[in-house]
>>> print(open('coords.txt').read())   # compact mmCIF, C-alpha atoms and all ligand atoms
# COMPACT_ATOMS: atom_id res chain seq x y z
CA MET A 85 -12.73 11.54 9.00
CA ALA A 86 -12.18 13.08 5.63
CA ASN A 87 -14.91 14.75 3.72
CA LYS A 88 -16.21 12.30 1.12
CA ASP A 89 -15.36 14.65 -1.76
CA GLN A 90 -11.77 14.89 -0.68
CA ALA A 91 -9.04 12.56 -1.73
CA PHE A 92 -7.85 10.20 0.95
CA ILE A 93 -4.29 11.43 0.69
CA ARG A 94 -3.53 14.91 -0.59
CA VAL A 95 -0.15 16.39 -1.24
CA GLU A 96 -0.32 20.14 -1.68
CA ALA A 97 2.46 22.32 -3.08
CA LEU A 98 5.09 20.18 -1.43
CA TYR A 99 8.72 21.31 -1.57
CA LYS A 100 11.68 19.58 0.00
CA VAL A 101 15.13 21.07 -0.03
CA PHE A 102 18.05 19.32 1.67
CA GLY A 103 20.98 21.33 2.95
CA PRO A 104 22.17 23.66 5.69
CA ASP A 105 19.47 26.33 5.35
CA PRO A 106 16.61 25.24 3.05
CA ARG A 107 14.37 28.22 3.82
CA LYS A 108 17.05 30.64 2.69
CA VAL A 109 17.18 29.18 -0.81
CA MET A 110 13.41 28.86 -1.29
CA PRO A 111 13.21 32.19 -3.17
CA GLN A 112 15.64 30.81 -5.77
CA VAL A 113 13.63 27.59 -5.96
CA HIS A 114 10.42 29.53 -6.51
CA GLN A 115 12.13 31.57 -9.22
CA GLY A 116 12.74 28.30 -11.01
CA MET A 117 16.45 27.68 -10.43
CA ASP A 118 17.09 24.12 -11.54
CA LYS A 119 18.34 21.31 -9.36
CA ASP A 120 21.92 21.24 -10.65
CA ARG A 121 22.43 24.95 -10.38
CA LEU A 122 20.89 25.10 -6.92
CA LEU A 123 23.33 22.47 -5.75
CA ARG A 124 26.29 24.13 -7.44
CA GLU A 125 25.57 27.64 -6.25
CA THR A 126 24.05 27.08 -2.83
CA GLY A 127 24.99 23.54 -1.76
CA HIS A 128 21.31 22.60 -1.41
CA ALA A 129 19.71 19.55 -2.99
CA LEU A 130 16.25 19.99 -4.43
CA GLY A 131 14.43 16.83 -3.37
CA LEU A 132 10.89 17.76 -4.36
CA LYS A 133 9.43 20.72 -6.15
CA ASP A 134 5.80 21.77 -6.05
CA ILE A 135 4.26 18.31 -5.85
CA ASN A 136 0.47 18.20 -5.96
CA LEU A 137 -1.24 14.83 -5.79
CA SER A 138 -4.47 13.17 -4.79
CA ILE A 139 -4.49 9.52 -3.86
CA ASP A 140 -7.71 7.54 -3.55
CA GLN A 141 -8.49 5.23 -0.69
CA GLY A 142 -8.23 1.50 -1.27
CA ARG A 143 -6.14 1.80 -4.43
CA ILE A 144 -2.58 1.02 -5.44
CA PHE A 145 -0.78 4.22 -6.33
CA VAL A 146 2.55 3.68 -8.03
CA ILE A 147 5.39 6.18 -8.03
CA MET A 148 8.04 5.85 -10.73
CA GLY A 149 11.08 7.79 -11.78
CA LEU A 150 14.81 7.45 -12.28
CA SER A 151 17.18 7.12 -9.37
CA GLY A 152 17.37 10.40 -7.48
CA SER A 153 14.05 11.68 -8.83
CA GLY A 154 12.58 11.99 -5.32
CA LYS A 155 10.40 8.91 -4.93
CA SER A 156 11.61 7.88 -1.48
CA THR A 157 11.70 11.48 -0.36
CA LEU A 158 8.04 11.85 -1.33
CA ILE A 159 6.69 8.82 0.48
CA ARG A 160 8.73 9.47 3.59
CA HIS A 161 6.73 12.64 3.97
CA PHE A 162 3.60 10.54 4.39
CA ASN A 163 4.67 9.17 7.76
CA ARG A 164 6.80 12.23 8.44
CA LEU A 165 10.12 10.48 8.39
CA ILE A 166 10.91 13.64 6.42
CA GLU A 167 9.57 17.11 7.23
CA PRO A 168 8.51 19.25 4.29
CA THR A 169 10.31 22.50 3.58
CA GLU A 170 7.01 23.87 2.32
CA GLY A 171 3.55 22.48 1.62
CA ARG A 172 1.08 20.12 3.24
CA ILE A 173 0.27 16.44 3.39
CA LEU A 174 -3.26 15.54 4.39
CA ILE A 175 -4.05 11.94 5.17
CA ASP A 176 -7.68 11.10 5.79
CA GLY A 177 -8.20 14.74 6.65
CA ILE A 178 -5.27 14.89 9.05
CA ASP A 179 -2.50 17.36 8.36
CA VAL A 180 0.44 15.13 9.28
CA ARG A 181 2.52 18.15 10.15
CA SER A 182 0.08 19.08 12.89
CA LEU A 183 0.59 15.84 14.81
CA ASN A 184 2.49 16.13 18.06
CA GLU A 185 5.07 13.52 18.95
CA LYS A 186 2.66 11.23 20.69
CA GLN A 187 0.03 11.48 17.98
CA LEU A 188 2.66 10.88 15.34
CA LEU A 189 3.84 7.74 17.07
CA ALA A 190 0.28 6.43 17.29
CA PHE A 191 -0.33 7.40 13.66
CA ARG A 192 2.75 5.46 12.53
CA ARG A 193 1.80 2.42 14.56
CA GLN A 194 -1.83 2.25 13.60
CA ARG A 195 -2.33 3.87 10.22
CA ILE A 196 0.84 3.49 8.16
CA ALA A 197 3.09 0.49 7.68
CA MET A 198 6.22 0.33 5.55
CA VAL A 199 7.68 -2.52 3.51
CA PHE A 200 11.30 -1.95 2.60
CA GLN A 201 13.45 -3.04 -0.32
CA ARG A 202 15.96 -4.86 1.86
CA PHE A 203 13.24 -6.41 4.00
CA GLY A 204 14.36 -4.60 7.18
CA LEU A 205 13.78 -7.60 9.42
CA MET A 206 15.27 -7.93 12.87
CA PRO A 207 17.90 -10.66 12.50
CA HIS A 208 17.82 -11.88 16.10
CA ARG A 209 14.09 -12.36 16.19
CA THR A 210 12.23 -15.27 14.68
CA VAL A 211 9.78 -14.90 11.83
CA ILE A 212 6.80 -14.85 14.17
CA GLU A 213 8.44 -12.34 16.49
CA ASN A 214 9.23 -10.10 13.55
CA VAL A 215 5.66 -10.27 12.28
CA ALA A 216 4.17 -9.67 15.74
CA TYR A 217 6.54 -6.83 16.58
CA GLY A 218 4.20 -4.06 15.49
CA LEU A 219 1.49 -5.47 17.75
CA GLN A 220 3.94 -5.75 20.61
CA VAL A 221 4.69 -2.03 20.41
CA GLN A 222 0.95 -1.39 20.20
CA GLY A 223 0.74 -3.17 23.54
CA MET A 224 -1.25 -6.22 22.48
CA PRO A 225 -0.97 -9.19 24.90
CA ARG A 226 1.48 -11.90 23.81
CA ALA A 227 -0.91 -14.80 23.13
CA GLN A 228 -3.19 -12.59 21.09
CA ARG A 229 -0.44 -11.06 19.00
CA LEU A 230 1.19 -14.41 18.27
CA GLN A 231 -2.16 -15.76 17.18
CA LYS A 232 -2.63 -12.86 14.82
CA ALA A 233 0.93 -13.09 13.52
CA ARG A 234 0.39 -16.78 12.80
CA GLU A 235 -2.65 -15.95 10.68
CA TRP A 236 -0.74 -13.44 8.58
CA ILE A 237 2.21 -15.79 8.21
CA ASP A 238 -0.24 -18.34 6.90
CA THR A 239 -1.79 -15.78 4.54
CA VAL A 240 1.56 -15.02 2.90
CA GLY A 241 2.27 -18.73 2.56
CA LEU A 242 4.92 -19.15 5.24
CA SER A 243 3.25 -21.54 7.65
CA GLY A 244 5.87 -23.76 9.22
CA TYR A 245 8.54 -21.04 9.15
CA GLU A 246 7.39 -19.29 12.33
CA GLN A 247 10.44 -20.22 14.39
CA GLN A 248 13.06 -19.65 11.68
CA TYR A 249 15.37 -16.65 11.70
CA PRO A 250 15.46 -14.24 8.73
CA SER A 251 18.91 -15.45 7.64
CA GLN A 252 17.49 -18.94 7.19
CA LEU A 253 15.02 -17.71 4.57
CA SER A 254 15.35 -16.86 0.89
CA GLY A 255 14.92 -13.28 -0.28
CA GLY A 256 11.37 -13.91 -1.42
CA GLN A 257 10.49 -15.52 1.89
CA GLN A 258 12.03 -12.64 3.81
CA GLN A 259 9.98 -10.18 1.82
CA ARG A 260 6.87 -12.20 2.62
CA VAL A 261 7.74 -11.77 6.27
CA GLY A 262 8.11 -8.04 5.65
CA LEU A 263 4.68 -7.99 4.03
CA ALA A 264 3.09 -10.05 6.82
CA ARG A 265 4.62 -7.72 9.38
CA ALA A 266 3.15 -4.66 7.64
CA LEU A 267 -0.27 -6.29 7.27
CA CYS A 268 -0.31 -7.57 10.83
CA THR A 269 -0.53 -4.06 12.27
CA ASP A 270 -3.88 -3.52 10.47
CA ALA A 271 -2.52 -0.26 9.13
CA ASP A 272 -4.76 0.89 6.30
CA ILE A 273 -1.93 2.53 4.39
CA LEU A 274 1.07 0.60 3.13
CA LEU A 275 4.20 2.33 1.90
CA MET A 276 6.24 0.00 -0.27
CA ASP A 277 9.56 1.45 -1.38
CA GLU A 278 11.00 -0.81 -4.09
CA ALA A 279 9.65 -3.66 -2.01
CA PHE A 280 10.10 -6.27 -4.74
CA SER A 281 13.14 -4.88 -6.51
CA ALA A 282 15.68 -7.09 -4.78
CA LEU A 283 13.89 -10.29 -5.79
CA ASP A 284 14.51 -12.62 -8.73
CA PRO A 285 12.10 -12.04 -11.63
CA LEU A 286 10.11 -15.18 -10.96
CA ILE A 287 9.75 -14.58 -7.23
CA ARG A 288 9.03 -10.96 -7.92
CA SER A 289 6.20 -11.91 -10.20
CA GLU A 290 4.81 -14.25 -7.54
CA MET A 291 4.95 -11.46 -4.98
CA GLN A 292 3.08 -9.18 -7.36
CA ASP A 293 0.39 -11.86 -7.76
CA GLN A 294 0.16 -12.22 -4.03
CA LEU A 295 -0.14 -8.49 -3.49
CA ILE A 296 -2.92 -8.25 -6.09
CA GLU A 297 -4.71 -11.17 -4.45
CA LEU A 298 -4.40 -9.68 -0.98
CA GLN A 299 -5.50 -6.29 -2.20
CA GLU A 300 -8.70 -7.74 -3.65
CA ARG A 301 -9.57 -8.75 -0.13
CA LEU A 302 -8.05 -6.02 1.97
CA HIS A 303 -8.48 -2.81 -0.05
CA LYS A 304 -5.54 -1.06 1.55
CA THR A 305 -4.26 2.23 0.28
CA ILE A 306 -0.90 1.24 -1.11
CA ILE A 307 1.82 3.60 -2.25
CA PHE A 308 4.21 1.50 -4.26
CA ILE A 309 7.54 2.74 -5.57
CA THR A 310 9.16 0.93 -8.46
CA HIS A 311 11.64 1.43 -11.28
CA ASP A 312 9.95 -1.21 -13.31
CA LEU A 313 7.20 -0.14 -15.66
CA ASP A 314 5.83 -3.63 -16.14
CA GLU A 315 5.45 -3.88 -12.38
CA ALA A 316 3.86 -0.42 -12.28
CA LEU A 317 1.38 -1.34 -14.98
CA ARG A 318 0.54 -4.61 -13.34
CA LEU A 319 -0.07 -3.20 -9.88
CA GLY A 320 -1.00 0.41 -10.28
CA ASP A 321 -4.49 1.84 -10.37
CA ARG A 322 -2.74 5.17 -10.92
CA ILE A 323 0.86 5.95 -11.76
CA ALA A 324 2.82 9.09 -10.96
CA ILE A 325 6.12 9.82 -12.65
CA LEU A 326 8.76 11.98 -11.02
CA ARG A 327 11.71 13.63 -12.67
CA ASP A 328 14.33 15.63 -10.79
CA GLY A 329 11.90 16.19 -7.94
CA GLU A 330 9.02 17.26 -10.14
CA LEU A 331 5.82 15.45 -11.00
CA VAL A 332 5.79 15.10 -14.77
CA GLN A 333 2.68 12.98 -15.18
CA GLU A 334 0.00 11.29 -13.13
CA GLY A 335 -2.71 9.11 -14.55
CA ALA A 336 -4.24 5.72 -15.13
CA PRO A 337 -1.75 3.20 -16.56
CA GLU A 338 -3.24 3.29 -20.04
CA GLU A 339 -3.13 7.09 -20.11
CA ILE A 340 0.57 6.98 -19.31
CA LEU A 341 1.13 4.36 -22.01
CA LEU A 342 -0.97 5.92 -24.70
CA HIS A 343 -0.34 9.58 -23.98
CA PRO A 344 3.08 10.04 -22.39
CA ALA A 345 3.42 13.67 -21.31
CA ASP A 346 6.96 14.18 -22.58
CA ASP A 347 10.13 12.49 -23.80
CA TYR A 348 11.09 11.40 -20.31
CA VAL A 349 7.86 9.47 -19.83
CA GLU A 350 8.06 8.25 -23.42
CA ALA A 351 11.47 6.78 -22.67
CA PHE A 352 9.94 4.87 -19.75
CA VAL A 353 7.10 3.41 -21.75
CA LYS A 354 8.75 2.69 -25.05
CA ASP A 355 9.95 -0.80 -24.24
CA VAL A 356 6.87 -2.00 -22.48
CA ASN A 357 4.92 -4.93 -23.84
CA ARG A 358 1.77 -3.08 -24.77
CA ALA A 359 -0.12 -6.23 -25.64
CA ARG A 360 0.25 -7.29 -22.05
CA ALA A 361 -0.46 -3.89 -20.57
CA LEU A 362 -3.43 -2.57 -22.50
CA THR A 363 -6.98 -3.81 -22.33
CA VAL A 364 -9.42 -4.10 -25.21
CA GLU A 365 -11.44 -1.25 -23.77
CA THR A 366 -8.59 1.22 -24.23
CA VAL A 367 -8.19 0.54 -27.94
CA MET A 368 -11.69 -0.38 -29.15
CA LYS A 369 -13.72 1.96 -31.34
CA PRO A 370 -17.47 2.60 -31.26
CA PRO A 371 -19.35 -0.01 -33.28
CA ALA A 372 -19.72 1.16 -36.87
CA CYS A 373 -23.13 -0.42 -37.45
CA ARG A 374 -25.79 -1.68 -35.04
CA ILE A 375 -28.65 -3.62 -36.55
CA THR A 376 -31.88 -3.89 -34.60
CA ALA A 377 -34.48 -4.57 -37.32
CA ASP A 378 -36.56 -7.75 -37.18
CA THR A 379 -36.54 -8.47 -40.91
CA VAL A 380 -33.88 -8.85 -43.56
CA GLU A 381 -35.33 -5.85 -45.37
CA GLY A 382 -35.11 -3.65 -42.26
CA ALA A 383 -31.62 -4.89 -41.52
CA LEU A 384 -30.47 -4.05 -45.03
CA ARG A 385 -31.81 -0.53 -44.69
CA GLN A 386 -29.85 -0.07 -41.47
CA MET A 387 -26.78 -1.52 -43.11
CA HIS A 388 -27.10 0.94 -46.00
CA ASP A 389 -26.83 3.80 -43.56
CA SER A 390 -23.31 2.67 -42.81
CA THR A 391 -20.50 2.07 -45.24
CA GLY A 392 -19.17 -1.08 -43.62
CA ARG A 393 -19.27 -4.67 -44.80
CA TYR A 394 -20.80 -5.90 -41.55
CA GLY A 395 -23.07 -4.99 -38.70
CA TYR A 396 -23.70 -6.18 -35.13
CA TYR A 397 -27.13 -7.59 -34.45
CA ILE A 398 -28.65 -6.25 -31.24
CA THR A 399 -31.89 -7.15 -29.50
CA GLU A 400 -33.27 -6.21 -26.11
CA GLN A 401 -31.11 -8.99 -24.72
CA GLY A 402 -28.02 -7.32 -26.10
CA TYR A 403 -25.50 -8.51 -28.65
CA GLN A 404 -26.62 -11.55 -30.70
CA GLY A 405 -24.07 -11.91 -33.46
CA MET A 406 -22.75 -10.40 -36.66
CA ILE A 407 -24.40 -9.85 -40.00
CA ASP A 408 -22.33 -9.84 -43.15
CA ARG A 409 -23.47 -7.42 -45.81
CA SER A 410 -23.21 -9.85 -48.72
CA ALA A 411 -25.10 -12.57 -46.83
CA LEU A 412 -27.78 -10.03 -46.07
CA GLU A 413 -28.01 -8.86 -49.66
CA GLN A 414 -28.30 -12.43 -50.85
CA ALA A 415 -31.06 -13.18 -48.34
CA ALA A 416 -32.88 -10.00 -49.40
CA SER A 417 -32.81 -11.04 -53.05
CA GLN A 418 -34.60 -14.27 -52.06
CA ASP A 419 -37.09 -13.11 -49.48
CA ALA A 420 -36.71 -9.71 -47.82
CA SER A 421 -39.45 -10.36 -45.29
CA ARG A 422 -37.50 -13.19 -43.63
CA SER A 423 -36.39 -12.76 -40.08
CA ALA A 424 -33.04 -11.02 -39.78
CA ASN A 425 -32.14 -13.63 -37.21
CA GLU A 426 -31.58 -16.15 -39.97
CA VAL A 427 -28.54 -14.38 -41.36
CA VAL A 428 -26.92 -13.71 -38.00
CA GLU A 429 -23.56 -15.38 -37.50
CA GLU A 430 -22.84 -16.24 -33.90
CA ILE A 431 -19.45 -14.63 -33.50
CA PRO A 432 -18.53 -14.53 -29.82
CA GLY A 433 -17.56 -11.16 -28.40
CA VAL A 434 -14.37 -10.25 -26.60
CA ARG A 435 -14.53 -8.70 -23.15
CA PRO A 436 -13.63 -5.04 -22.61
CA ASP A 437 -11.29 -5.94 -19.76
CA ALA A 438 -9.39 -8.63 -21.66
CA LEU A 439 -5.74 -7.93 -22.36
CA ILE A 440 -4.84 -7.34 -25.97
CA GLU A 441 -2.47 -10.26 -25.77
CA GLU A 442 -5.40 -12.61 -25.09
CA VAL A 443 -7.50 -11.44 -28.02
CA LEU A 444 -4.73 -10.97 -30.55
CA PRO A 445 -5.08 -14.34 -32.34
CA ASP A 446 -8.87 -14.08 -32.66
CA THR A 447 -8.68 -10.51 -33.88
CA LEU A 448 -6.13 -11.41 -36.52
CA ASP A 449 -8.19 -14.39 -37.66
CA ALA A 450 -11.49 -12.58 -37.91
CA HIS A 451 -12.87 -11.25 -41.18
CA HIS A 452 -14.43 -8.26 -39.48
CA PRO A 453 -13.65 -6.29 -36.34
CA LEU A 454 -14.63 -8.32 -33.31
CA PRO A 455 -17.54 -7.20 -31.18
CA VAL A 456 -16.59 -6.06 -27.67
CA VAL A 457 -19.29 -7.30 -25.32
CA ASP A 458 -19.49 -6.65 -21.60
CA ALA A 459 -20.49 -9.06 -18.84
CA SER A 460 -24.16 -8.17 -19.19
CA GLY A 461 -24.15 -8.95 -22.91
CA GLN A 462 -24.17 -5.35 -24.19
CA LEU A 463 -22.13 -4.32 -27.21
CA GLN A 464 -19.55 -1.76 -26.12
CA GLY A 465 -17.40 -1.38 -29.19
CA GLU A 466 -15.52 -3.10 -31.94
CA LEU A 467 -11.94 -4.21 -32.15
CA SER A 468 -10.28 -4.11 -35.54
CA ARG A 469 -6.83 -5.24 -36.60
CA ALA A 470 -6.09 -1.65 -37.48
CA SER A 471 -6.85 -0.29 -34.02
CA LEU A 472 -4.78 -3.09 -32.51
CA ALA A 473 -1.86 -2.34 -34.76
CA GLU A 474 -2.14 1.35 -34.00
CA ALA A 475 -2.11 0.75 -30.25
CA LEU A 476 0.75 -1.72 -30.40
CA VAL A 477 2.96 0.20 -32.76
CA THR A 478 2.36 3.90 -32.39
CA GLY A 479 0.80 3.89 -28.96
CA GLY A 480 -2.63 4.55 -30.40
CA ASP A 481 -2.19 8.27 -30.09
CA GLU A 482 -4.03 9.13 -33.28
CA PRO A 483 -7.23 10.89 -32.32
CA ASP A 484 -10.48 9.50 -33.68
CA SER A 485 -9.17 7.60 -36.65
CA GLU A 486 -11.87 5.95 -38.72
CA PRO A 487 -12.82 2.38 -37.93
CA THR A 488 -11.35 0.17 -40.60
CA ARG A 489 -13.52 -1.44 -43.23
CA HIS A 490 -12.71 -4.83 -44.53
N1 LIG B 501 19.14 13.26 3.48
C1 LIG B 501 19.45 13.82 2.31
N2 LIG B 501 20.35 14.82 2.24
C2 LIG B 501 20.64 15.42 1.09
N3 LIG B 501 20.08 15.09 -0.10
C3 LIG B 501 19.19 14.11 -0.09
C4 LIG B 501 18.81 13.42 1.11
N4 LIG B 501 17.88 12.50 0.79
C5 LIG B 501 17.68 12.60 -0.53
N5 LIG B 501 18.45 13.57 -1.06
C6 LIG B 501 18.48 13.98 -2.46
O1 LIG B 501 17.14 14.10 -2.93
C7 LIG B 501 17.01 13.60 -4.23
C8 LIG B 501 15.94 12.53 -4.27
O2 LIG B 501 16.38 11.38 -3.55
P1 LIG B 501 15.49 10.11 -3.33
O3 LIG B 501 16.20 9.21 -2.43
O4 LIG B 501 14.13 10.55 -2.91
O5 LIG B 501 15.43 9.52 -4.79
P2 LIG B 501 14.74 8.17 -5.29
O6 LIG B 501 13.88 8.58 -6.43
O7 LIG B 501 14.13 7.45 -4.17
O8 LIG B 501 15.99 7.38 -5.88
P3 LIG B 501 16.29 5.78 -5.86
O9 LIG B 501 15.51 5.24 -7.02
O10 LIG B 501 17.75 5.72 -6.15
O11 LIG B 501 15.90 5.23 -4.55
C9 LIG B 501 18.38 13.10 -4.63
O12 LIG B 501 18.99 14.10 -5.42
C10 LIG B 501 19.11 12.91 -3.34
O13 LIG B 501 20.47 13.13 -3.49
MG MG B 502 14.48 5.60 -3.27
>>> encode(input="coords.txt", output="structure tokens")
Amino acid sequence: MANKDQAFIRVEALYKVFGPDPRKVMPQVHQGMDKDRLLRETGHALGLKDINLSIDQGRIFVIMGLSGSGKSTLIRHFNRLIEPTEGRILIDGIDVRSLNEKQLLAFRRQRIAMVFQRFGLMPHRTVIENVAYGLQVQGMPRAQRLQKAREWIDTVGLSGYEQQYPSQLSGGQQQRVGLARALCTDADILLMDEAFSALDPLIRSEMQDQLIELQERLHKTIIFITHDLDEALRLGDRIAILRDGELVQEGAPEEILLHPADDYVEAFVKDVNRARALTVETVMKPPACRITADTVEGALRQMHDSTGRYGYYITEQGYQGMIDRSALEQAASQDASRSANEVVEEIPGVRPDALIEEVLPDTLDAHHPLPVVDASGQLQGELSRASLAEALVTGGDEPDSEPTRH
């Protein structure tokens, strides 16, 4: 087993060169000769160059990049369908290169399953035989493997189709079979190479939902290749972006969106619907003014320390509501010893994990930035129209801009 401090999957200084004598051209590669020139001058294709990655267990790790950028080449190293020219791949502490043929076979059968773009089903076997195939090669007795296959077929919503042949199913159904087949082996790592790319948008979206739902239960380590940024943002816990065989950026989805490393990544993210991709948490600012005093007088003093027109009223139980400066001043002119509670407006908070799209109308309607309140009732930040606009329009890349006053 891997050391707890180590990533579940590690890729270390991985190079892959295709051609007649890859080792011979490695000095040129190390000297930085680019992909086009290497091909022109030596007839070798640079598949991957100095890739270093850590992938956490139980997460969905998305790999993106233009066609030919090396995505498939990279994940085929994980189950050693491709041998590296240089570098190491460690999976759960195992150096995959060190496996002998028998160990490799067992590793592929038990630890890693693949879901392909074109489904890769066996046309002359029924759905249930396709799904149970991985268990058959593992040597599981027939009755047992069919039972298990039936359960997975049910899980992906294909009960009743057990005896059909792949050609009798729609693309989406065939891909469900592909998914059931991968899950049926109990492999803890799933490699999905453009698994949903051949599907219609609606079916594709359903498959994404299903994968998210399954993942909540199964916590597999999933390496998911896609061209589609919306898909990447929806599924990925982390996203890596490849360009011409090199890793240009790796990070959480919002990091990629808000801080693209270069023009290439920028080009990927520019058309994305940010409102649907970013959460409140990623664009909120720290609350400008917290009020904790019991009396109107105390509250006013705390308000004076800030320049804003409003404050958030906090007790030991957490966020209670908002206090408007003018309401507070008016109350103070009448009776400053009154309880601050009396001027609190019960403005409900928005959740840090809500999508911007969901909170957009309320934020636009509100007189003051909305309080961001977590599940335990604590105030985490404030969401102003200005920070929303910034995130939606410019990508929110302005460091530490002032919270807006209304
Ligand atoms: N067997 C091979 N022989 C020679 N070159 C190869 C081989 N496999 C891949 N390559 C080259 O390696 C590079 C990366 O290819 P790869 O298939 O990994 O790209 P990809 O990102 O998966 O692209 P796509 O999105 O089109 O699937 C390409 O330039 C490709 O031509
Ligand atoms: Mg590919």
>>> closest_residue(input="coords.txt", among="A:Ala190, A:Ala324, A:Met206, A:Val95", to="ligand LIG 501 (chain B)", atoms="all atoms listed in the file")
A:Ala324
>>> closest_atom_pairs(input="coords.txt", of="chain A", to="ligand LIG 501 (chain B)", cutoff="9 Å", atoms="all atoms listed in the file", output="tab-separated table")
residue	atom	partner	partner_atom	distance
A:Lys100	CA	B:LIG501	O1	8.3
A:Val101	CA	B:LIG501	N3	7.8
A:Phe102	CA	B:LIG501	C2	4.7
A:Gly103	CA	B:LIG501	C2	6.2
A:Lys119	CA	B:LIG501	O12	8.2
A:His128	CA	B:LIG501	C2	7.6
A:Ala129	CA	B:LIG501	N3	5.3
A:Leu130	CA	B:LIG501	O1	6.1
A:Gly131	CA	B:LIG501	O1	3.9
A:Leu132	CA	B:LIG501	C8	7.3
A:Ile147	CA	B:LIG501	O6	9.0
A:Met148	CA	B:LIG501	O6	7.7
A:Gly149	CA	B:LIG501	O6	6.1
A:Leu150	CA	B:LIG501	O9	5.7
A:Ser151	CA	B:LIG501	O9	3.4
A:Gly152	CA	B:LIG501	O5	3.4
A:Ser153	CA	B:LIG501	O6	3.9
A:Gly154	CA	B:LIG501	O4	3.2
A:Lys155	CA	B:LIG501	O6	3.8
A:Ser156	CA	B:LIG501	O7	3.7
A:Thr157	CA	B:LIG501	O4	3.6
A:Leu158	CA	B:LIG501	O4	6.4
A:Ile159	CA	B:LIG501	O4	8.4
A:Arg160	CA	B:LIG501	O4	8.5
A:Ile166	CA	B:LIG501	N1	8.7
A:Asp277	CA	B:LIG501	O11	8.0
A:Glu278	CA	B:LIG501	O11	7.8
A:Ile309	CA	B:LIG501	O7	8.2
A:Thr310	CA	B:LIG501	O9	7.8
A:His311	CA	B:LIG501	O9	6.9
A:Leu326	CA	B:LIG501	O6	7.7
A:Arg327	CA	B:LIG501	O6	8.3
A:Asp328	CA	B:LIG501	O12	7.3
A:Gly329	CA	B:LIG501	C8	6.6
>>> atom_distance(input="coords.txt", atom1="atom CA of A:Glu96", atom2="atom CA of A:Phe145")
16.6 Å
>>> residues_around(input="coords.txt", residues="A:Arg358", least_positions_apart="5", cutoff="9 Å", atoms="all atoms listed in the file", output="PDB file with C-alpha atoms, keeping the file's coordinate frame")
ATOM      1  CA  LEU A 341       1.130   4.360 -22.010  1.00  0.00           C
ATOM      2  CA  VAL A 353       7.100   3.410 -21.750  1.00  0.00           C
ATOM      3  CA  ILE A 440      -4.840  -7.340 -25.970  1.00  0.00           C
ATOM      4  CA  GLU A 441      -2.470 -10.260 -25.770  1.00  0.00           C
ATOM      5  CA  ALA A 475      -2.110   0.750 -30.250  1.00  0.00           C
ATOM      6  CA  LEU A 476       0.750  -1.720 -30.400  1.00  0.00           C
ATOM      7  CA  VAL A 477       2.960   0.200 -32.760  1.00  0.00           C
ATOM      8  CA  GLY A 479       0.800   3.890 -28.960  1.00  0.00           C
TER       9      GLY A 479
END
>>> residues_around(input="coords.txt", residues="A:Tyr397", least_positions_apart="6", cutoff="9 Å", atoms="all atoms listed in the file", output="PyMOL selection string")
chain A and resi 373-377+383+403-407+424-425+428
>>> closest_residue(input="coords.txt", among="A:Ser254, A:Ser243, A:Gln187, A:Ser281", to="ligand MG 502 (chain B)", atoms="all atoms listed in the file")
A:Ser281
>>> atom_distance(input="coords.txt", atom1="atom CA of A:Leu342", atom2="atom CA of A:Ala473")
13.0 Å
>>> residues_around(input="coords.txt", residues="A:Gln90", least_positions_apart="5", cutoff="9 Å", atoms="only C-alpha atoms", output="number ranges by chain")
A: 138, 140, 176-177
>>> closest_residue(input="coords.txt", among="A:Gln201, A:Ser423, A:Gln248, A:Gln464", to="ligand MG 502 (chain B)", atoms="all atoms listed in the file")
A:Gln201
>>> closest_residue(input="coords.txt", among="A:Arg202, A:Lys232, A:Val434, A:Ala450", to="ligand MG 502 (chain B)", atoms="all atoms listed in the file")
A:Arg202
>>> closest_residue(input="coords.txt", among="A:Glu213, A:Gly241, A:Ala279, A:Leu331", to="ligand MG 502 (chain B)", atoms="only C-alpha atoms and all ligand atoms")
A:Ala279
>>> atom_distance(input="coords.txt", atom1="atom CA of A:Thr363", atom2="atom CA of A:Glu338")
8.3 Å
>>> closest_residue(input="coords.txt", among="A:Ile139, A:Leu275, A:Ala351, A:Ala227", to="ligand MG 502 (chain B)", atoms="only C-alpha atoms and all ligand atoms")
A:Leu275
>>> build_atoms(input="coords.txt", residues="stretch 470-474 of chain A", atoms="N, CA, C and O atoms", output="JSON list (two decimals), in the coordinates of the input")
[["chain", "number", "residue", "atom", "x", "y", "z"],
["A", 470, "ALA", "N", -6.75, -2.95, -37.33],
["A", 470, "ALA", "CA", -6.09, -1.65, -37.48],
["A", 470, "ALA", "C", -5.94, -0.94, -36.14],
["A", 470, "ALA", "O", -4.89, -0.38, -35.84],
["A", 471, "SER", "N", -7.01, -0.99, -35.30],
["A", 471, "SER", "CA", -6.85, -0.29, -34.02],
["A", 471, "SER", "C", -5.86, -1.02, -33.13],
["A", 471, "SER", "O", -5.16, -0.39, -32.34],
["A", 472, "LEU", "N", -5.80, -2.35, -33.26],
["A", 472, "LEU", "CA", -4.78, -3.09, -32.51],
["A", 472, "LEU", "C", -3.38, -2.68, -32.94],
["A", 472, "LEU", "O", -2.53, -2.37, -32.11],
["A", 473, "ALA", "N", -3.18, -2.66, -34.24],
["A", 473, "ALA", "CA", -1.86, -2.34, -34.76],
["A", 473, "ALA", "C", -1.45, -0.94, -34.32],
["A", 473, "ALA", "O", -0.32, -0.70, -33.89],
["A", 474, "GLU", "N", -2.40, -0.03, -34.39],
["A", 474, "GLU", "CA", -2.14, 1.35, -34.00],
["A", 474, "GLU", "C", -1.69, 1.41, -32.53],
["A", 474, "GLU", "O", -0.72, 2.07, -32.19]]
